[in-house]
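Enquirer: Handing you this structure, nothing more for now.
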2 protein chains.
Amino acid sequence: MEHQLTESAMAEMLGGQRMTKQRRLVFDVVKELAPTHPTASTVYERAKLLMPSISLATVYNVLETLTEAGIITQVNIDREASRFCPNLHPHAHFFCDQCDSVFDVDLRERADAAEPWNLPNGSLIEQMNVAMRGICPECREKSDATN
Amino acid sequence: MEHQLTESAMAEMLGGQRMTKQRRLVFDVVKELAPTHPTASTVYERAKLLMPSISLATVYNVLETLTEAGIITQVNIDREASRFCPNLHPHAHFFCDQCDSVFDVDLRERADAAEPWNLPNGSLIEQMNVAMRGICPECREKSDATN
DNA sequence: ATTGAGATCAAGAATTATTCTAAAAAAGGA
DNA sequence: TCCTTTTTTAGAATAATTCTTGATCTCAAT
């Protein structure tokens, strides 16, 4: 968890923007639900329990604000709903086709995600997005047991 | 172009499914527009010129059929419209933020795209999706000249 | 050739995630 | 407090895609 921000660090990163109740709440919910990589509506459902007046539009707004401020990461796979992630490490995501779980995959020590790719000279990578689909260890174990 | 399919190879891959005029046409259009990585509606616009009766729904259907048959690849970046690509090499995509072009990035010889990633033991990768955003060599050159 | 079954296509409606709009509420500073 | 700016809210709008339904086409058996 060391790479999840504290609230004060978050306030910093917001720059001039205000640290509002809604922003704090959405951030907390994203952290709370981090292992599930929640979508905007999942965040909304959970946030509503804690602040019934919050609106879906606000959740979307805040998620965008936090993403732009570099406080959370937006994760996309195929054309599914975006998911959000408080992990600021450079990392990839693994999506299990069987149990629909998502988990973070860290970059190896000193590894370079671009290394295997034959980029044309002079390209400048600003962002890299790596997603894997497949079967997670838990599901493989289960299906092995069945066979 | 060696790794783009001929029509007969395509017919094979369709399995039981029929090689129809629409499927042939959509496939040809995707090949023709390959360097631009067209979206469904771009494919539709071009296809309509050659077969005015074709419908957008058919273009979507065919693109899905071809993708499922492994004849073309569906390429997603963030939540933008899907693009389609007849390149069947293992490859990544680079999206230029400045000129909005997309190009293929090949895997280096003998390289393994998963190598930099610290996958938990026992995961089975079925598909890997790598997208990079940044500035392409052409745009960098241009902006260098301006500065 | 004819016919029947199943595959495919066309057109438009429906869906889903997301963004936009406009007005109300909240926050900070003078 | 009052004014200005930011933020929030609710609902409308949008964009890409999928779904539905009836029409059309294909193939294979007659």
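Ordering of the structure tokens sets the chain letters (A, B, ...); residue numbers start at 1 within each chain; ligands are numbered from 1 in the order shown.
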Should the cut-off be 10 Å, what would the residue list for chain B against chain D look like, counting only C-alpha atoms (C1' of nucleotides), as a ChimeraX atom specification?
Expert: /B:18,20,40-41,57,60-61,79-82
Enquirer: Output the selection as a short mmCIF file (atom, residue, chain, number, x, y, z; two decimals), in the first residue's frame - N, CA and C atoms for each residue.
Expert:
data_model
loop_
_atom_site.label_atom_id
_atom_site.label_comp_id
_atom_site.auth_asym_id
_atom_site.auth_seq_id
_atom_site.Cartn_x
_atom_site.Cartn_y
_atom_site.Cartn_z
N ARG B 18 -20.02 -18.79 -44.14
CA ARG B 18 -19.95 -18.52 -45.58
C ARG B 18 -19.08 -17.32 -45.92
N THR B 20 -19.23 -14.44 -47.85
CA THR B 20 -20.24 -13.63 -48.55
C THR B 20 -19.60 -12.39 -49.16
N ALA B 40 -15.05 1.16 -37.21
CA ALA B 40 -16.19 0.56 -37.91
C ALA B 40 -16.84 1.58 -38.84
N SER B 41 -16.99 2.82 -38.41
CA SER B 41 -17.70 3.74 -39.30
C SER B 41 -16.85 4.17 -40.48
N ALA B 57 -24.86 -2.01 -39.50
CA ALA B 57 -24.98 -3.19 -38.64
C ALA B 57 -24.21 -4.37 -39.23
N TYR B 60 -20.57 -3.93 -38.60
CA TYR B 60 -20.27 -4.36 -37.22
C TYR B 60 -20.29 -5.89 -37.11
N ASN B 61 -21.31 -6.50 -37.67
CA ASN B 61 -21.39 -7.96 -37.61
C ASN B 61 -20.18 -8.61 -38.25
N ARG B 79 -11.11 4.64 -24.27
CA ARG B 79 -12.48 4.26 -24.61
C ARG B 79 -12.87 4.75 -25.99
N GLU B 80 -11.89 4.99 -26.80
CA GLU B 80 -12.17 5.40 -28.16
C GLU B 80 -12.82 4.27 -28.96
N ALA B 81 -13.41 4.62 -30.08
CA ALA B 81 -14.00 3.60 -30.94
C ALA B 81 -12.95 2.56 -31.31
N SER B 82 -13.37 1.32 -31.38
CA SER B 82 -12.46 0.24 -31.77
C SER B 82 -11.96 0.46 -33.18
#
Enquirer: As an NGL selection string, could you give me every residue of chain C near chain B (at most 9 Å apart, counting only C-alpha atoms (C1' of nucleotides))?
Expert: :C and (7-11)
Enquirer: Just list the residues in chain A DSSP gives strand (DSSP E or B) on the backbone, as an MDAnalysis selection string.
Expert: chainID A and resid 39 73:75 83:85 91:96 102:107 117 124:135
Enquirer: Can you spit out the residues from that selection as a CSV table (one decimal), in the first residue's frame, using N, CA, C and O atoms?
Expert:
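Produced file selection_0.csv, reproduced below:
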chain,number,residue,atom,x,y,z
A,39,THR,N,-15.6,0.0,-11.2
A,39,THR,CA,-16.0,0.9,-12.2
A,39,THR,C,-16.6,2.1,-11.6
A,39,THR,O,-16.9,2.1,-10.4
A,73,THR,N,-5.5,5.9,-11.3
A,73,THR,CA,-5.3,5.5,-12.7
A,73,THR,C,-6.6,5.0,-13.3
A,73,THR,O,-7.3,4.3,-12.6
A,74,GLN,N,-6.8,5.3,-14.5
A,74,GLN,CA,-8.0,4.8,-15.2
A,74,GLN,C,-7.5,3.5,-16.0
A,74,GLN,O,-6.5,3.6,-16.7
A,75,VAL,N,-8.2,2.5,-15.9
A,75,VAL,CA,-7.8,1.2,-16.5
A,75,VAL,C,-8.9,0.7,-17.5
A,75,VAL,O,-10.1,0.6,-17.1
A,83,ARG,N,-12.3,1.1,-15.3
A,83,ARG,CA,-12.1,0.8,-13.9
A,83,ARG,C,-11.1,1.7,-13.3
A,83,ARG,O,-10.3,2.4,-14.1
A,84,PHE,N,-11.0,1.9,-12.0
A,84,PHE,CA,-10.1,2.8,-11.4
A,84,PHE,C,-9.3,2.2,-10.3
A,84,PHE,O,-9.8,1.3,-9.6
A,85,CYS,N,-8.1,2.7,-10.1
A,85,CYS,CA,-7.1,2.0,-9.4
A,85,CYS,C,-6.2,3.0,-8.7
A,85,CYS,O,-5.7,3.9,-9.4
A,91,HIS,N,2.4,-0.5,-13.6
A,91,HIS,CA,1.9,-1.8,-13.5
A,91,HIS,C,0.9,-2.1,-14.7
A,91,HIS,O,0.4,-1.2,-15.3
A,92,ALA,N,0.8,-3.4,-14.9
A,92,ALA,CA,-0.2,-3.9,-15.9
A,92,ALA,C,-1.4,-4.5,-15.2
A,92,ALA,O,-1.4,-4.5,-14.0
A,93,HIS,N,-2.3,-4.9,-16.0
A,93,HIS,CA,-3.5,-5.6,-15.4
A,93,HIS,C,-3.8,-6.9,-16.1
A,93,HIS,O,-3.7,-7.1,-17.3
A,94,PHE,N,-4.2,-7.8,-15.2
A,94,PHE,CA,-4.6,-9.1,-15.7
A,94,PHE,C,-6.1,-9.3,-15.4
A,94,PHE,O,-6.5,-9.1,-14.3
A,95,PHE,N,-6.8,-9.7,-16.5
A,95,PHE,CA,-8.2,-9.9,-16.4
A,95,PHE,C,-8.5,-11.4,-16.6
A,95,PHE,O,-8.2,-12.0,-17.6
A,96,CYS,N,-9.1,-12.0,-15.6
A,96,CYS,CA,-9.4,-13.4,-15.6
A,96,CYS,C,-10.8,-13.6,-16.4
A,96,CYS,O,-11.8,-13.1,-15.9
A,102,VAL,N,-9.8,-8.9,-11.6
A,102,VAL,CA,-8.7,-8.1,-12.2
A,102,VAL,C,-7.6,-8.0,-11.2
A,102,VAL,O,-8.0,-7.8,-10.0
A,103,PHE,N,-6.4,-8.1,-11.6
A,103,PHE,CA,-5.4,-7.8,-10.6
A,103,PHE,C,-4.2,-7.1,-11.2
A,103,PHE,O,-4.0,-7.2,-12.4
A,104,ASP,N,-3.5,-6.4,-10.4
A,104,ASP,CA,-2.3,-5.7,-10.8
A,104,ASP,C,-1.1,-6.6,-11.1
A,104,ASP,O,-0.9,-7.6,-10.3
A,105,VAL,N,-0.3,-6.3,-12.1
A,105,VAL,CA,0.9,-7.1,-12.3
A,105,VAL,C,2.0,-6.1,-12.4
A,105,VAL,O,2.1,-5.2,-13.2
A,106,ASP,N,2.9,-6.2,-11.4
A,106,ASP,CA,4.0,-5.2,-11.3
A,106,ASP,C,5.1,-5.4,-12.4
A,106,ASP,O,5.3,-6.5,-12.9
A,107,LEU,N,5.7,-4.4,-12.7
A,107,LEU,CA,6.9,-4.4,-13.6
A,107,LEU,C,8.0,-5.0,-12.8
A,107,LEU,O,8.2,-4.7,-11.6
A,117,TRP,N,9.6,-4.3,-27.5
A,117,TRP,CA,8.9,-3.7,-28.7
A,117,TRP,C,9.9,-2.9,-29.6
A,117,TRP,O,10.7,-2.1,-29.0
A,124,LEU,N,8.3,9.1,-28.9
A,124,LEU,CA,8.3,9.5,-27.5
A,124,LEU,C,7.1,8.9,-26.8
A,124,LEU,O,6.0,9.3,-27.1
A,125,ILE,N,7.3,7.9,-25.9
A,125,ILE,CA,6.2,7.3,-25.2
A,125,ILE,C,5.8,8.1,-24.0
A,125,ILE,O,6.7,8.4,-23.2
A,126,GLU,N,4.6,8.5,-24.0
A,126,GLU,CA,4.1,9.3,-22.8
A,126,GLU,C,3.4,8.4,-21.8
A,126,GLU,O,3.3,8.6,-20.7
A,127,GLN,N,2.8,7.3,-22.4
A,127,GLN,CA,2.0,6.5,-21.5
A,127,GLN,C,2.0,5.1,-22.2
A,127,GLN,O,1.9,5.0,-23.4
A,128,MET,N,2.0,4.1,-21.3
A,128,MET,CA,1.9,2.7,-21.9
A,128,MET,C,0.8,2.0,-21.2
A,128,MET,O,0.7,2.1,-19.9
A,129,ASN,N,0.2,1.2,-21.9
A,129,ASN,CA,-1.0,0.5,-21.4
A,129,ASN,C,-0.9,-1.0,-21.7
A,129,ASN,O,-1.0,-1.4,-22.8
A,130,VAL,N,-0.8,-1.8,-20.6
A,130,VAL,CA,-0.7,-3.2,-20.9
A,130,VAL,C,-1.7,-4.0,-20.1
A,130,VAL,O,-1.9,-3.9,-18.9
A,131,ALA,N,-2.5,-4.7,-20.9
A,131,ALA,CA,-3.6,-5.6,-20.3
A,131,ALA,C,-3.4,-7.0,-20.8
A,131,ALA,O,-3.1,-7.2,-22.0
A,132,MET,N,-3.6,-7.9,-19.9
A,132,MET,CA,-3.6,-9.3,-20.3
A,132,MET,C,-4.9,-10.0,-20.0
A,132,MET,O,-5.5,-9.6,-18.9
A,133,ARG,N,-5.3,-10.8,-20.8
A,133,ARG,CA,-6.5,-11.6,-20.5
A,133,ARG,C,-6.1,-13.1,-20.4
A,133,ARG,O,-5.2,-13.5,-21.1
A,134,GLY,N,-6.8,-13.8,-19.6
A,134,GLY,CA,-6.5,-15.2,-19.5
A,134,GLY,C,-7.2,-15.8,-18.3
A,134,GLY,O,-8.2,-15.4,-17.9
A,135,ILE,N,-6.5,-16.9,-17.7
A,135,ILE,CA,-7.1,-17.5,-16.6
A,135,ILE,C,-6.1,-17.3,-15.4
A,135,ILE,O,-4.9,-17.5,-15.5
Enquirer: Hand me chain A as it sits after a least-squares fit onto chain B over every Cα, paired in order, written as an mmCIF file with C-alpha atoms, in the first residue's frame.
Expert:
data_model
loop_
_atom_site.group_PDB
_atom_site.id
_atom_site.type_symbol
_atom_site.label_atom_id
_atom_site.label_comp_id
_atom_site.auth_asym_id
_atom_site.auth_seq_id
_atom_site.Cartn_x
_atom_site.Cartn_y
_atom_site.Cartn_z
ATOM 1 C CA MET A 1 2.141 -7.640 -46.037
ATOM 2 C CA GLU A 2 3.105 -11.286 -45.868
ATOM 3 C CA HIS A 3 1.016 -11.708 -42.771
ATOM 4 C CA GLN A 4 -2.172 -10.460 -44.310
ATOM 5 C CA LEU A 5 -4.414 -13.215 -45.426
ATOM 6 C CA THR A 6 -5.417 -13.972 -48.947
ATOM 7 C CA GLU A 7 -9.062 -14.468 -49.644
ATOM 8 C CA SER A 8 -8.757 -18.234 -49.794
ATOM 9 C CA ALA A 9 -6.912 -18.353 -46.497
ATOM 10 C CA MET A 10 -9.698 -16.230 -45.113
ATOM 11 C CA ALA A 11 -12.349 -18.632 -46.394
ATOM 12 C CA GLU A 12 -10.553 -21.409 -44.518
ATOM 13 C CA MET A 13 -10.547 -19.522 -41.273
ATOM 14 C CA LEU A 14 -14.219 -18.772 -41.482
ATOM 15 C CA GLY A 15 -14.785 -22.459 -40.861
ATOM 16 C CA GLY A 16 -18.341 -23.385 -41.699
ATOM 17 C CA GLN A 17 -19.357 -19.792 -42.195
ATOM 18 C CA ARG A 18 -20.033 -18.502 -45.647
ATOM 19 C CA MET A 19 -17.785 -16.299 -47.667
ATOM 20 C CA THR A 20 -20.277 -13.623 -48.590
ATOM 21 C CA LYS A 21 -19.879 -10.488 -50.669
ATOM 22 C CA GLN A 22 -20.119 -8.365 -47.549
ATOM 23 C CA ARG A 23 -17.455 -10.301 -45.695
ATOM 24 C CA ARG A 24 -15.124 -10.164 -48.630
ATOM 25 C CA LEU A 25 -15.717 -6.452 -49.051
ATOM 26 C CA VAL A 26 -15.243 -5.543 -45.406
ATOM 27 C CA PHE A 27 -12.077 -7.594 -45.306
ATOM 28 C CA ASP A 28 -10.759 -5.853 -48.415
ATOM 29 C CA VAL A 29 -11.583 -2.444 -47.011
ATOM 30 C CA VAL A 30 -9.821 -3.221 -43.744
ATOM 31 C CA LYS A 31 -6.771 -4.287 -45.728
ATOM 32 C CA GLU A 32 -6.956 -1.232 -47.948
ATOM 33 C CA LEU A 33 -7.203 1.128 -45.003
ATOM 34 C CA ALA A 34 -4.833 -0.863 -42.813
ATOM 35 C CA PRO A 35 -2.280 1.902 -42.279
ATOM 36 C CA THR A 36 -4.975 4.138 -40.792
ATOM 37 C CA HIS A 37 -6.414 1.468 -38.507
ATOM 38 C CA PRO A 38 -9.989 2.271 -39.426
ATOM 39 C CA THR A 39 -12.934 2.283 -37.058
ATOM 40 C CA ALA A 40 -16.201 0.532 -37.891
ATOM 41 C CA SER A 41 -17.721 3.712 -39.269
ATOM 42 C CA THR A 42 -14.713 4.477 -41.417
ATOM 43 C CA VAL A 43 -14.940 0.979 -42.819
ATOM 44 C CA TYR A 44 -18.644 1.540 -43.358
ATOM 45 C CA GLU A 45 -18.157 4.800 -45.230
ATOM 46 C CA ARG A 46 -15.635 3.261 -47.556
ATOM 47 C CA ALA A 47 -17.610 0.050 -48.017
ATOM 48 C CA LYS A 48 -20.756 1.973 -48.895
ATOM 49 C CA LEU A 49 -18.978 3.513 -51.876
ATOM 50 C CA LEU A 50 -18.356 0.057 -53.238
ATOM 51 C CA MET A 51 -21.614 -1.546 -52.159
ATOM 52 C CA PRO A 52 -24.230 1.126 -51.456
ATOM 53 C CA SER A 53 -26.677 -1.351 -49.961
ATOM 54 C CA ILE A 54 -24.403 -2.445 -47.129
ATOM 55 C CA SER A 55 -25.541 -1.450 -43.668
ATOM 56 C CA LEU A 56 -23.624 -0.305 -40.641
ATOM 57 C CA ALA A 57 -24.977 -3.246 -38.665
ATOM 58 C CA THR A 58 -23.520 -5.585 -41.236
ATOM 59 C CA VAL A 59 -20.174 -3.901 -40.985
ATOM 60 C CA TYR A 60 -20.272 -4.400 -37.242
ATOM 61 C CA ASN A 61 -21.405 -8.000 -37.657
ATOM 62 C CA VAL A 62 -18.733 -8.790 -40.177
ATOM 63 C CA LEU A 63 -15.989 -7.128 -38.179
ATOM 64 C CA GLU A 64 -17.020 -9.243 -35.230
ATOM 65 C CA THR A 65 -17.132 -12.396 -37.308
ATOM 66 C CA LEU A 66 -13.713 -11.711 -38.779
ATOM 67 C CA THR A 67 -12.284 -10.912 -35.380
ATOM 68 C CA GLU A 68 -13.660 -14.094 -33.861
ATOM 69 C CA ALA A 69 -12.325 -16.119 -36.744
ATOM 70 C CA GLY A 70 -8.885 -14.633 -36.110
ATOM 71 C CA ILE A 71 -8.801 -12.981 -39.506
ATOM 72 C CA ILE A 72 -8.408 -9.452 -38.233
ATOM 73 C CA THR A 73 -7.595 -7.896 -34.886
ATOM 74 C CA GLN A 74 -9.660 -5.482 -32.876
ATOM 75 C CA VAL A 75 -7.611 -2.668 -31.404
ATOM 76 C CA ASN A 76 -8.728 -0.590 -28.472
ATOM 77 C CA ILE A 77 -7.199 2.416 -26.854
ATOM 78 C CA ASP A 78 -8.782 4.008 -23.841
ATOM 79 C CA ARG A 79 -12.480 4.223 -24.581
ATOM 80 C CA GLU A 80 -12.192 5.353 -28.148
ATOM 81 C CA ALA A 81 -14.029 3.550 -30.914
ATOM 82 C CA SER A 82 -12.478 0.198 -31.755
ATOM 83 C CA ARG A 83 -10.171 0.060 -34.698
ATOM 84 C CA PHE A 84 -9.462 -2.905 -36.912
ATOM 85 C CA CYS A 85 -6.229 -4.257 -38.206
ATOM 86 C CA PRO A 86 -5.353 -7.036 -40.647
ATOM 87 C CA ASN A 87 -1.883 -7.480 -39.174
ATOM 88 C CA LEU A 88 -1.765 -10.859 -37.476
ATOM 89 C CA HIS A 89 1.780 -10.576 -36.217
ATOM 90 C CA PRO A 90 2.037 -10.193 -32.490
ATOM 91 C CA HIS A 91 2.269 -6.449 -32.310
ATOM 92 C CA ALA A 92 1.476 -3.416 -30.204
ATOM 93 C CA HIS A 93 0.056 -0.063 -31.230
ATOM 94 C CA PHE A 94 1.369 3.421 -30.933
ATOM 95 C CA PHE A 95 -1.088 6.331 -30.889
ATOM 96 C CA CYS A 96 0.264 9.753 -31.626
ATOM 97 C CA ASP A 97 -1.402 12.370 -29.478
ATOM 98 C CA GLN A 98 -0.465 15.081 -31.905
ATOM 99 C CA CYS A 99 -1.519 13.803 -35.325
ATOM 100 C CA ASP A 100 -3.870 11.059 -34.124
ATOM 101 C CA SER A 101 -2.185 8.478 -36.280
ATOM 102 C CA VAL A 102 -1.814 4.906 -35.165
ATOM 103 C CA PHE A 103 0.891 2.518 -36.175
ATOM 104 C CA ASP A 104 1.895 -1.043 -35.510
ATOM 105 C CA VAL A 105 4.907 -1.777 -33.350
ATOM 106 C CA ASP A 106 6.380 -5.204 -33.877
ATOM 107 C CA LEU A 107 7.669 -7.475 -31.209
ATOM 108 C CA ARG A 108 11.450 -7.729 -31.391
ATOM 109 C CA GLU A 109 12.939 -10.979 -32.634
ATOM 110 C CA ARG A 110 12.690 -13.669 -29.981
ATOM 111 C CA ALA A 111 11.311 -11.158 -27.475
ATOM 112 C CA ASP A 112 8.517 -12.008 -25.062
ATOM 113 C CA ALA A 113 6.001 -9.283 -24.414
ATOM 114 C CA ALA A 114 5.290 -10.646 -20.948
ATOM 115 C CA GLU A 115 8.932 -10.720 -19.931
ATOM 116 C CA PRO A 116 9.083 -7.385 -18.116
ATOM 117 C CA TRP A 117 6.063 -8.281 -16.010
ATOM 118 C CA ASN A 118 6.087 -10.049 -12.733
ATOM 119 C CA LEU A 119 3.136 -12.363 -13.262
ATOM 120 C CA PRO A 120 1.975 -14.543 -10.383
ATOM 121 C CA ASN A 121 2.889 -18.175 -10.855
ATOM 122 C CA GLY A 122 0.232 -20.195 -12.542
ATOM 123 C CA SER A 123 -1.438 -17.445 -14.559
ATOM 124 C CA LEU A 124 -2.287 -18.364 -18.095
ATOM 125 C CA ILE A 125 -2.135 -15.486 -20.562
ATOM 126 C CA GLU A 126 -4.510 -15.922 -23.450
ATOM 127 C CA GLN A 127 -4.182 -12.517 -24.920
ATOM 128 C CA MET A 128 -2.058 -9.491 -24.370
ATOM 129 C CA ASN A 129 -2.837 -5.977 -25.284
ATOM 130 C CA VAL A 130 -0.195 -3.304 -25.494
ATOM 131 C CA ALA A 131 -0.877 0.281 -26.421
ATOM 132 C CA MET A 132 1.420 3.255 -26.228
ATOM 133 C CA ARG A 133 0.505 6.895 -26.429
ATOM 134 C CA GLY A 134 2.943 9.637 -27.193
ATOM 135 C CA ILE A 135 4.446 11.616 -30.023
ATOM 136 C CA CYS A 136 5.381 9.900 -33.248
ATOM 137 C CA PRO A 137 8.757 10.506 -34.905
ATOM 138 C CA GLU A 138 7.213 12.695 -37.625
ATOM 139 C CA CYS A 139 5.497 14.992 -35.154
ATOM 140 C CA ARG A 140 8.574 15.250 -32.987
ATOM 141 C CA GLU A 141 10.603 16.264 -35.994
ATOM 142 C CA LYS A 142 8.066 18.922 -36.882
ATOM 143 C CA SER A 143 7.915 20.385 -33.390
ATOM 144 C CA ASP A 144 11.705 20.319 -33.151
ATOM 145 C CA ALA A 145 11.878 22.376 -36.323
ATOM 146 C CA THR A 146 9.486 24.903 -34.841
ATOM 147 C CA ASN A 147 11.420 25.320 -31.609
#
